[in-house]
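Please read the structure below before turning to the comments.
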Amino acid sequence: MAKKTRGQGWELISASRTGQPYKRPNSESPESQRIKIRQEKRNRGKVVTVATGFKLCESDLKALAKKLKASCGSGGTSHPGQSINDTDSIEVQGKHIEKVKELLSGMGYQT
């Protein structure tokens with residue numbers, strides 16, 4: 001949301017710097033990434049399995065989320081990091097901690 005100002009010498013001031021999440025140019029190798037897996041409870045008692053700590057480019061993050069969701073047989077989403085130091089995360093609907101941990105370990109990620 002931007003704030004309009006009036007008068008001579010005034011300019012349009014943006015509410016956020018970029019408004020877009022940080023886009024990582026390259027993915028880091030799976031061996032160098034430490035992934036944390038946890039379970040969260042959402043609205044109305046729904047349970048979500050969340051894996052955080054990924055440092056992947058957007059296309060690789062979406063592809064990995066698709067593999068995890070398909071192997072667990074449920075829905076979910078991926079969230080890219082907002083800054084260069086922020087890590088990406090993947091959410092899978094349901095209680096799938098062991099399954100996600102097993103799949104990521106098989107791919108070479110440290111869990």
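Numbering starts fresh at 1 for the residues of each chain in the structure tokens, the chains themselves are lettered A, B, ... in the order given, and ligands are numbered from 1 as they appear.
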*Please identify all polymer residues within 12 Å of Ser59 (chain A), counting only C-alpha atoms, omitting same-chain residues fewer than 4 positions from it, and present them as a count of residues only.*
13
Name the residues of region 21-84 of chain A that come out as alpha helix (DSSP H) in a backbone DSSP run; write them as a short mmCIF file (atom, residue, chain, number, x, y, z; two decimals) with N, CA and C atoms, in the first residue's frame.
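Wrote out_21.cif, looks like this:
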```
data_model
loop_
_atom_site.label_atom_id
_atom_site.label_comp_id
_atom_site.auth_asym_id
_atom_site.auth_seq_id
_atom_site.Cartn_x
_atom_site.Cartn_y
_atom_site.Cartn_z
N GLU A 58 13.35 -20.98 -6.53
CA GLU A 58 11.90 -21.14 -6.48
C GLU A 58 11.40 -22.37 -7.23
N SER A 59 11.96 -22.66 -8.41
CA SER A 59 11.50 -23.82 -9.18
C SER A 59 11.84 -25.13 -8.47
N ASP A 60 13.04 -25.22 -7.86
CA ASP A 60 13.41 -26.43 -7.13
C ASP A 60 12.55 -26.62 -5.88
N LEU A 61 12.21 -25.51 -5.22
CA LEU A 61 11.36 -25.57 -4.03
C LEU A 61 9.97 -26.09 -4.38
N LYS A 62 9.41 -25.59 -5.46
CA LYS A 62 8.09 -26.05 -5.90
C LYS A 62 8.12 -27.52 -6.31
N ALA A 63 9.19 -27.95 -6.99
CA ALA A 63 9.30 -29.34 -7.41
C ALA A 63 9.42 -30.28 -6.21
N LEU A 64 10.21 -29.87 -5.21
CA LEU A 64 10.37 -30.69 -4.01
C LEU A 64 9.05 -30.75 -3.23
N ALA A 65 8.34 -29.63 -3.14
CA ALA A 65 7.04 -29.63 -2.46
C ALA A 65 6.06 -30.56 -3.17
N LYS A 66 6.09 -30.56 -4.47
CA LYS A 66 5.21 -31.44 -5.24
C LYS A 66 5.51 -32.91 -4.97
N LYS A 67 6.81 -33.26 -4.90
CA LYS A 67 7.20 -34.65 -4.59
C LYS A 67 6.73 -35.07 -3.20
N LEU A 68 6.94 -34.18 -2.22
CA LEU A 68 6.54 -34.51 -0.84
C LEU A 68 5.03 -34.66 -0.72
N LYS A 69 4.28 -33.77 -1.34
CA LYS A 69 2.82 -33.84 -1.27
C LYS A 69 2.30 -35.10 -1.95
N ALA A 70 2.88 -35.45 -3.10
CA ALA A 70 2.43 -36.63 -3.83
C ALA A 70 2.75 -37.91 -3.05
N SER A 71 3.92 -37.98 -2.44
CA SER A 71 4.29 -39.18 -1.71
C SER A 71 3.50 -39.34 -0.42
N CYS A 72 3.06 -38.21 0.17
CA CYS A 72 2.24 -38.26 1.39
C CYS A 72 0.75 -38.38 1.05
#
```
Pull the closest atom pair for each residue of region 59-103 of chain A that gets at most 9 Å from region 32-54 of chain A, along with the distance in Å to one decimal, counting only C-alpha atoms, ordering rows by chain and then ascending residue number, as CSV.
```
residue,atom,partner,partner_atom,distance
A:Leu61,CA,A:Phe54,CA,8.0
A:Gly76,CA,A:Val48,CA,8.3
A:Pro80,CA,A:Phe54,CA,8.9
A:Gly81,CA,A:Phe54,CA,9.0
A:Asp86,CA,A:Gly53,CA,8.5
A:Thr87,CA,A:Gly53,CA,5.1
A:Asp88,CA,A:Phe54,CA,4.9
A:Ser89,CA,A:Thr52,CA,4.3
A:Ile90,CA,A:Ala51,CA,5.3
A:Glu91,CA,A:Val50,CA,4.5
A:Val92,CA,A:Thr49,CA,5.1
A:Gln93,CA,A:Val48,CA,4.5
A:Gly94,CA,A:Val48,CA,5.0
A:Lys95,CA,A:Thr49,CA,6.0
A:His96,CA,A:Thr49,CA,6.1
A:Ile97,CA,A:Thr49,CA,6.2
A:Val100,CA,A:Ile37,CA,8.0
A:Lys101,CA,A:Ile37,CA,7.3
```
*Among the residues of chain A, find those DSSP assigns to strand (DSSP E or B) from the backbone and print them as a PyMOL selection string.*
chain A and resi 2-3+13-14+34+36-41+47-54+76-79+88-93+110
*asked:* Rounded to one decimal, what separation in Å do you get between CA of Thr77 (chain A) and CA of Glu31 (chain A)?
replied: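 Between CA of Thr77 (chain A) and CA of Glu31 (chain A) the gap works out to 23.0 Å.
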*Mind pulling up the distance from CA of Lys99 (chain A) to CA of Glu28 (chain A)?*
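Between CA of Glu28 (chain A) and CA of Lys99 (chain A) the gap is 22.8 Å.
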